[in-house]
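Chemist: Structure file start.cif (mmCIF, C-alpha atoms) right here:
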data_query
#
loop_
_atom_site.label_atom_id
_atom_site.label_comp_id
_atom_site.auth_asym_id
_atom_site.auth_seq_id
_atom_site.Cartn_x
_atom_site.Cartn_y
_atom_site.Cartn_z
CA MET R 518 -146.59 -42.33 124.52
CA LYS R 519 -147.35 -43.18 120.92
CA ILE R 520 -144.71 -43.30 118.23
CA ASN R 521 -145.76 -39.89 116.85
CA GLU R 522 -145.11 -38.31 120.24
CA VAL R 523 -141.73 -40.01 120.52
CA GLU R 524 -140.81 -38.83 117.03
CA ALA R 525 -141.54 -35.23 117.99
CA LEU R 526 -139.84 -35.52 121.38
CA VAL R 527 -136.58 -37.20 120.32
CA GLY R 528 -136.28 -35.99 116.73
CA ILE R 529 -136.00 -39.46 115.21
CA THR R 530 -138.39 -40.44 112.43
CA LYS R 531 -140.93 -43.22 112.86
CA LYS R 532 -139.14 -45.13 110.12
CA ASN R 533 -135.90 -45.02 112.10
CA ILE R 534 -137.60 -45.97 115.34
CA ARG R 535 -139.11 -49.05 113.72
CA PHE R 536 -135.74 -49.85 112.18
CA TYR R 537 -134.08 -49.85 115.60
CA GLU R 538 -136.85 -52.05 116.91
CA ALA R 539 -136.25 -54.51 114.06
CA GLU R 540 -132.54 -54.47 114.91
CA GLY R 541 -133.29 -55.30 118.54
CA LEU R 542 -131.94 -52.03 119.92
CA LEU R 543 -135.35 -51.01 121.21
CA THR R 544 -138.11 -53.23 122.65
CA PRO R 545 -141.19 -51.22 123.66
CA GLN R 546 -144.06 -52.92 125.48
CA ARG R 547 -147.30 -53.75 123.70
CA ASN R 548 -150.64 -52.47 124.90
CA SER R 549 -152.65 -55.57 125.85
CA GLU R 550 -155.93 -53.95 124.78
CA ASN R 551 -155.11 -52.73 121.27
CA GLY R 552 -151.69 -54.23 120.53
CA TYR R 553 -150.11 -50.81 119.93
CA ARG R 554 -146.58 -50.10 121.09
CA ASP R 555 -146.33 -48.16 124.32
CA TYR R 556 -143.28 -45.92 124.69
CA GLY R 557 -142.18 -44.54 128.03
CA SER R 558 -139.24 -42.65 129.51
CA PRO R 559 -136.86 -45.67 129.25
CA GLU R 560 -137.49 -46.00 125.51
CA VAL R 561 -137.06 -42.25 124.99
CA GLU R 562 -133.70 -42.32 126.79
CA ILE R 563 -132.58 -45.34 124.76
CA LEU R 564 -133.44 -43.54 121.54
CA ARG R 565 -131.59 -40.43 122.66
CA ARG R 566 -128.48 -42.51 123.36
CA ILE R 567 -128.79 -44.23 119.99
CA LYS R 568 -129.20 -40.86 118.26
CA LEU R 569 -126.13 -39.52 120.03
CA LEU R 570 -123.96 -42.47 119.01
CA ARG R 571 -125.27 -42.55 115.45
CA LYS R 572 -124.57 -38.84 115.00
CA LEU R 573 -121.01 -39.62 116.12
CA GLY R 574 -120.84 -42.28 113.42
CA PHE R 575 -121.04 -45.43 115.55
CA PRO R 576 -122.08 -48.60 113.72
CA LEU R 577 -125.10 -50.50 114.98
CA GLU R 578 -123.06 -53.49 116.16
CA GLU R 579 -120.93 -51.25 118.38
CA ILE R 580 -124.09 -49.75 119.92
CA ARG R 581 -125.47 -53.24 120.43
CA GLN R 582 -122.35 -54.29 122.33
CA MET R 583 -122.54 -51.25 124.59
CA GLN R 584 -126.23 -51.88 125.24
CA SER R 585 -125.54 -55.48 126.22
CA GLY R 586 -122.80 -54.39 128.62
CA CYS R 587 -120.04 -56.17 126.70
CA CYS R 588 -118.09 -52.92 126.63
CA THR R 589 -118.24 -49.52 128.23
CA VAL R 590 -118.79 -46.21 126.48
CA GLY R 591 -115.07 -45.51 126.88
CA ASP R 592 -114.15 -48.80 125.18
CA GLY R 593 -116.45 -48.00 122.29
CA MET R 594 -115.07 -44.48 121.99
CA ARG R 595 -111.49 -45.72 121.85
CA ARG R 596 -112.33 -48.12 119.04
CA HIS R 597 -114.27 -45.39 117.26
CA LEU R 598 -111.32 -43.01 117.51
CA VAL R 599 -109.23 -45.54 115.60
CA LEU R 600 -111.86 -45.48 112.85
CA LEU R 601 -111.96 -41.68 112.83
CA ASP R 602 -108.17 -41.51 112.63
CA ARG R 603 -108.30 -43.84 109.64
CA GLU R 604 -110.91 -41.67 107.96
CA CYS R 605 -108.78 -38.57 108.59
CA SER R 606 -105.83 -40.36 107.01
CA ASN R 607 -108.01 -41.24 104.00
CA LEU R 608 -109.09 -37.64 103.59
CA GLU R 609 -105.54 -36.40 103.86
CA SER R 610 -104.37 -38.88 101.21
CA ALA R 611 -107.21 -37.82 98.92
CA ARG R 612 -106.38 -34.18 99.58
CA ARG R 613 -102.71 -34.66 98.64
CA PHE R 614 -103.74 -36.51 95.50
CA CYS R 615 -106.09 -33.68 94.48
CA ALA R 616 -103.45 -31.07 95.35
CA GLU R 617 -101.02 -32.72 92.93
CA LEU R 618 -103.61 -32.43 90.16
CA THR R 619 -104.05 -28.68 90.65
CA ASP R 620 -100.95 -28.18 88.51
CA CYS R 621 -102.42 -30.29 85.70
CA ARG R 622 -102.71 -28.23 82.51
CA GLU R 623 -104.51 -30.88 80.46
CA LYS R 624 -108.14 -30.77 79.49
CA LEU R 625 -110.37 -33.63 80.48
CA ASP R 626 -110.50 -35.13 76.98
CA THR R 627 -106.71 -35.59 76.97
CA LEU R 628 -106.28 -36.65 80.61
CA ASP R 629 -104.55 -39.99 81.19
CA ALA R 630 -107.23 -41.35 83.52
CA SER R 631 -105.80 -44.88 83.40
CA ALA R 632 -102.51 -43.81 84.99
CA LEU R 633 -104.30 -41.82 87.68
CA LEU R 634 -106.65 -44.71 88.44
CA ASN R 635 -103.67 -47.01 88.79
CA ARG R 636 -102.18 -44.63 91.33
CA MET R 637 -105.46 -44.53 93.20
CA GLU R 638 -105.64 -48.32 93.25
CA GLN R 639 -102.13 -48.40 94.70
CA LEU R 640 -103.18 -45.96 97.41
CA GLU R 641 -106.26 -48.09 98.10
CA GLN R 642 -104.08 -51.16 98.52
CA GLU R 643 -102.11 -49.18 101.09
CA GLY R 644 -105.32 -48.48 103.03
CA THR R 645 -106.72 -45.28 101.52
CA THR R 646 -110.45 -45.24 100.80
CA PHE R 647 -111.76 -42.83 98.18
CA MET R 648 -115.35 -41.59 97.86
CA ASP R 649 -117.54 -43.25 95.26
CA ARG R 650 -119.93 -40.65 93.88
CA GLN R 651 -121.37 -43.18 91.44
CA LYS R 652 -123.73 -44.28 94.22
CA GLN R 653 -125.23 -40.81 94.24
CA ASP R 654 -125.53 -40.72 90.46
CA ILE R 655 -128.32 -43.33 90.54
CA LYS R 656 -130.40 -41.11 92.81
CA ARG R 657 -132.10 -39.44 89.83
CA ARG R 658 -133.21 -42.80 88.51
CA ARG R 659 -135.08 -43.43 91.72
CA TYR R 660 -137.47 -40.64 90.78
CA VAL R 661 -138.56 -42.40 87.60
CA ALA R 662 -140.47 -45.35 89.09
CA PRO R 663 -142.69 -43.39 91.52
CA VAL R 664 -143.42 -40.67 88.94
CA LEU R 665 -144.38 -43.19 86.26
CA SER R 666 -146.48 -45.23 88.68
CA ALA R 667 -148.31 -42.13 89.89
CA LEU R 668 -148.86 -40.94 86.31
CA VAL R 669 -150.29 -44.28 85.18
CA MET R 670 -152.61 -44.47 88.19
CA ALA R 671 -153.77 -40.86 87.75
CA LEU R 672 -154.46 -41.43 84.04
CA LEU R 673 -156.39 -44.61 84.80
CA MET R 674 -158.54 -42.91 87.44
CA GLY R 675 -159.03 -39.89 85.15
CA PHE R 676 -160.19 -42.21 82.38
CA MET R 677 -162.71 -43.81 84.72
CA ILE R 678 -164.10 -40.38 85.66
CA TRP R 679 -164.37 -39.41 82.00
CA LEU R 680 -166.04 -42.71 81.17
CA MET R 681 -168.73 -42.26 83.83
CA VAL R 682 -169.40 -38.66 82.81
CA TRP R 683 -169.59 -39.69 79.15
CA ALA R 684 -172.00 -42.53 79.95
CA PHE R 685 -174.21 -40.12 81.89
CA GLU R 686 -174.31 -37.68 78.97
CA VAL R 687 -175.07 -40.42 76.44
CA ASP R 688 -177.80 -42.13 78.45
CA PRO R 689 -178.88 -40.01 81.41
CA LEU R 690 -182.00 -42.13 81.96
CA GLY R 691 -180.00 -45.34 82.30
CA ALA R 692 -177.41 -43.79 84.60
CA PRO R 693 -177.49 -44.40 88.35
CA PRO R 694 -179.04 -41.76 90.64
CA LEU R 695 -177.07 -38.52 90.84
CA PRO R 696 -175.81 -39.05 94.45
CA ILE R 697 -174.45 -42.48 93.51
CA LEU R 698 -172.90 -41.08 90.34
CA ILE R 699 -171.19 -38.33 92.35
CA LEU R 700 -169.88 -40.96 94.77
CA LEU R 701 -168.57 -43.09 91.91
CA ILE R 702 -166.77 -40.08 90.48
CA ALA R 703 -165.46 -38.98 93.89
CA ILE R 704 -163.76 -42.32 94.54
CA PRO R 705 -161.23 -42.13 91.65
CA ALA R 706 -160.85 -38.40 92.31
CA VAL R 707 -159.80 -39.15 95.88
CA VAL R 708 -157.43 -41.83 94.58
CA ILE R 709 -155.82 -39.26 92.27
CA LEU R 710 -155.41 -36.87 95.19
CA GLY R 711 -153.90 -39.61 97.36
CA VAL R 712 -151.50 -40.62 94.60
CA GLY R 713 -150.39 -37.01 94.23
CA ILE R 714 -149.75 -36.67 97.97
CA ALA R 715 -147.89 -39.98 98.08
CA LEU R 716 -145.76 -38.95 95.10
CA TYR R 717 -144.90 -35.63 96.75
CA GLN R 718 -143.85 -37.38 99.98
CA ARG R 719 -141.85 -39.98 98.06
CA ILE R 720 -139.97 -37.33 96.09
CA ARG R 721 -139.18 -35.51 99.33
CA GLU R 722 -137.88 -38.75 100.86
CA ILE R 723 -135.63 -39.41 97.86
CA GLY R 724 -134.41 -35.82 97.84
CA ARG R 725 -133.53 -35.96 101.51
CA ASN R 726 -132.16 -39.53 101.33
CA LYS R 727 -134.62 -40.64 103.97
CA ASP R 728 -134.35 -44.18 102.61
CA ASP R 729 -130.96 -44.27 104.26
CA ASP R 730 -131.81 -42.35 107.41
CA TYR R 731 -130.82 -45.26 109.60
CA LYS R 732 -127.24 -44.80 108.41
CA LYS R 733 -127.30 -41.31 109.89
CA TYR R 734 -129.28 -41.84 113.07
#
Would you mind writing the file's structure down as structure tokens?

Modeler:
Amino acid sequence: MKINEVEALVGITKKNIRFYEAEGLLTPQRNSENGYRDYGSPEVEILRRIKLLRKLGFPLEEIRQMQSGCCTVGDGMRRHLVLLDRECSNLESARRFCAELTDCREKLDTLDASALLNRMEQLEQEGTTFMDRQKQDIKRRRYVAPVLSALVMALLMGFMIWLMVWAFEVDPLGAPPLPILILLIAIPAVVILGVGIALYQRIREIGRNKDDDYKKY
């Protein structure tokens, strides 16, 4: 099978499949004739196992150890349960902290954030881990670069089209034959279309956090 077929069969994106290959969790054979990767039933089953463990929250190193036979699935599950118990404890601590603040009558502009942060730091020293939403705040900024790049490229290609049309109108006798002129205009037009498609796909990836898919699967 080709990677597109595996993607559809297992439900793991091509980007993730290549990531697992780079991490050494998957080693498909290469076709001797064209150099393409050949995926078979063993690779599909490996990917299904990886997907299962990743959806349960297993880190890559734990999966690697189970693949190498250093530990059994049961050993990995027991260690993972310890991690899940710790996460449950973190959530419960955060829940109690938030519950205490439900009785707060202050408005945000008069809230003593310093005292509350000190309490949170004390809880963190005791083992509690709080969520950091600041990491998600930068997500909007990630839209800026692809949008600006696409806009600049589209404007540049549009200017080239305008320039060729203007030159043809000014000096039609000195212009290249019409078929060649149409081809010259079609090239930047296709580039604009490709940039638009790439921008749309990139925005979808950012919106769905596909840059970090490997953390999920």

Chemist: Please measure the separation of CA of Ala671 in chain R and CA of Pro705 in chain R, giving the value in Å to one decimal.

Modeler: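 Going from CA of Ala671 in chain R over to CA of Pro705 in chain R covers 8.5 Å.
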
Chemist: Kindly extract all protein, DNA and RNA residues lying within 9 Å of the coordinates (-136.8, -46.1, 120.8) given in the file, considering all atoms listed in the file, and supply them as a PDB file with C-alpha atoms, keeping the file's coordinate frame.

Modeler:
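Result file is result_34.pdb:
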ATOM      1  CA  ILE R 520    -144.710 -43.300 118.230  1.00  0.00           C
ATOM      2  CA  VAL R 523    -141.730 -40.010 120.520  1.00  0.00           C
ATOM      3  CA  VAL R 527    -136.580 -37.200 120.320  1.00  0.00           C
ATOM      4  CA  ILE R 529    -136.000 -39.460 115.210  1.00  0.00           C
ATOM      5  CA  ASN R 533    -135.900 -45.020 112.100  1.00  0.00           C
ATOM      6  CA  ILE R 534    -137.600 -45.970 115.340  1.00  0.00           C
ATOM      7  CA  ARG R 535    -139.110 -49.050 113.720  1.00  0.00           C
ATOM      8  CA  TYR R 537    -134.080 -49.850 115.600  1.00  0.00           C
ATOM      9  CA  GLU R 538    -136.850 -52.050 116.910  1.00  0.00           C
ATOM     10  CA  LEU R 542    -131.940 -52.030 119.920  1.00  0.00           C
ATOM     11  CA  LEU R 543    -135.350 -51.010 121.210  1.00  0.00           C
ATOM     12  CA  THR R 544    -138.110 -53.230 122.650  1.00  0.00           C
ATOM     13  CA  PRO R 545    -141.190 -51.220 123.660  1.00  0.00           C
ATOM     14  CA  TYR R 556    -143.280 -45.920 124.690  1.00  0.00           C
ATOM     15  CA  PRO R 559    -136.860 -45.670 129.250  1.00  0.00           C
ATOM     16  CA  GLU R 560    -137.490 -46.000 125.510  1.00  0.00           C
ATOM     17  CA  VAL R 561    -137.060 -42.250 124.990  1.00  0.00           C
ATOM     18  CA  GLU R 562    -133.700 -42.320 126.790  1.00  0.00           C
ATOM     19  CA  ILE R 563    -132.580 -45.340 124.760  1.00  0.00           C
ATOM     20  CA  LEU R 564    -133.440 -43.540 121.540  1.00  0.00           C
ATOM     21  CA  ARG R 565    -131.590 -40.430 122.660  1.00  0.00           C
ATOM     22  CA  ILE R 567    -128.790 -44.230 119.990  1.00  0.00           C
TER      23      ILE R 567
END

Chemist: Translate the PyMOL selection byres ((chain R and resi 578-584) around 12) into a concrete residue list for this structure, as a VMD selection string.

Modeler: chain R and resid 537 to 538 540 to 543 563 to 564 566 to 577 585 to 597 734

Chemist: Give as a list in words each residue that has an atom at most 12 Å from (-170.9, -40.2, 88.5) in the file, counting all atoms listed in the file.

Modeler: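 Residues with an atom close enough to that point: Met677, Ile678, Trp679, Leu680, Met681, Val682, Trp683, Ala684, Phe685, Glu686, Pro689, Ala692, Pro693, Pro694, Leu695, Pro696, Ile697, Leu698, Ile699, Leu700, Leu701, Ile702, Ala703, Ile704, Pro705 and Ala706 of chain R.
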
Chemist: Just give me the gap between CA of Glu609 in chain R and CA of Phe647 in chain R in Å, one decimal is fine.

Modeler: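 Computing it gives 10.6 Å between the two atoms.
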
Chemist: Could you give me, as a ChimeraX atom specification, the residues within 10 Å of Gly644 in chain R, counting only C-alpha atoms and dropping anything in the same chain fewer than 3 positions from it?

Modeler: /R:603,606-607,610,638-641,647

Chemist: Please dump the current selection as a PDB file, in the coordinates of the input; keep C-alpha atoms.

Modeler:
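Output (out.pdb):
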ATOM      1  CA  ARG R 603    -108.300 -43.840 109.640  1.00  0.00           C
ATOM      2  CA  SER R 606    -105.830 -40.360 107.010  1.00  0.00           C
ATOM      3  CA  ASN R 607    -108.010 -41.240 104.000  1.00  0.00           C
ATOM      4  CA  SER R 610    -104.370 -38.880 101.210  1.00  0.00           C
ATOM      5  CA  GLU R 638    -105.640 -48.320  93.250  1.00  0.00           C
ATOM      6  CA  GLN R 639    -102.130 -48.400  94.700  1.00  0.00           C
ATOM      7  CA  LEU R 640    -103.180 -45.960  97.410  1.00  0.00           C
ATOM      8  CA  GLU R 641    -106.260 -48.090  98.100  1.00  0.00           C
ATOM      9  CA  PHE R 647    -111.760 -42.830  98.180  1.00  0.00           C
TER      10      PHE R 647
END

Chemist: Could you jot down the CA of Thr645 in chain R to CA of Leu628 in chain R separation for me, Å, one decimal place?

Modeler: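 Distance reported for this atom pair: 22.6 Å.
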
Chemist: Can you pull out every residue within 10 Å of range 714-718 of chain R, counting only C-alpha atoms, but drop anything in the same chain fewer than 6 positions away, and send it as a list in words?

Modeler: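 The residues that qualify are Tyr660, Pro663, Val664, Leu665, Ser666, Ala667, Leu668, Val708 and Gly724 of chain R.
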
Chemist: From the list R:Arg659, R:Phe676, R:Ile709, R:Arg622, which residue is nearest Arg721 in chain R when using only C-alpha atoms?

Modeler: R:Arg659

Chemist: Rank R:Asp688, R:Ala611, R:Leu710, R:Gln642 by their smallest atom-to-atom distance to Met670 in chain R, using all atoms listed in the file, and report the top residue only.

Modeler: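 Nearest to Met670 in chain R: R:Leu710.
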
Chemist: Is it possible to get the axis-aligned box enclosing range 564-573 of chain R (all listed atoms, 6 Å extra per side) as AutoDock Vina command-line options, with centre and edge lengths in Å rounded to one decimal?

Modeler:
--center_x -127.2 --center_y -41.5 --center_z 119.2 --size_x 24.4 --size_y 17.4 --size_z 20.4

Chemist: Rank nothing, just name the residue among R:Arg719, R:Lys624, R:Arg612, R:Lys519 nearest to Arg547 in chain R, using all atoms listed in the file.

Modeler: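 Comparing R:Arg719, R:Lys624, R:Arg612, R:Lys519 against Arg547 in chain R, the winner is R:Lys519.
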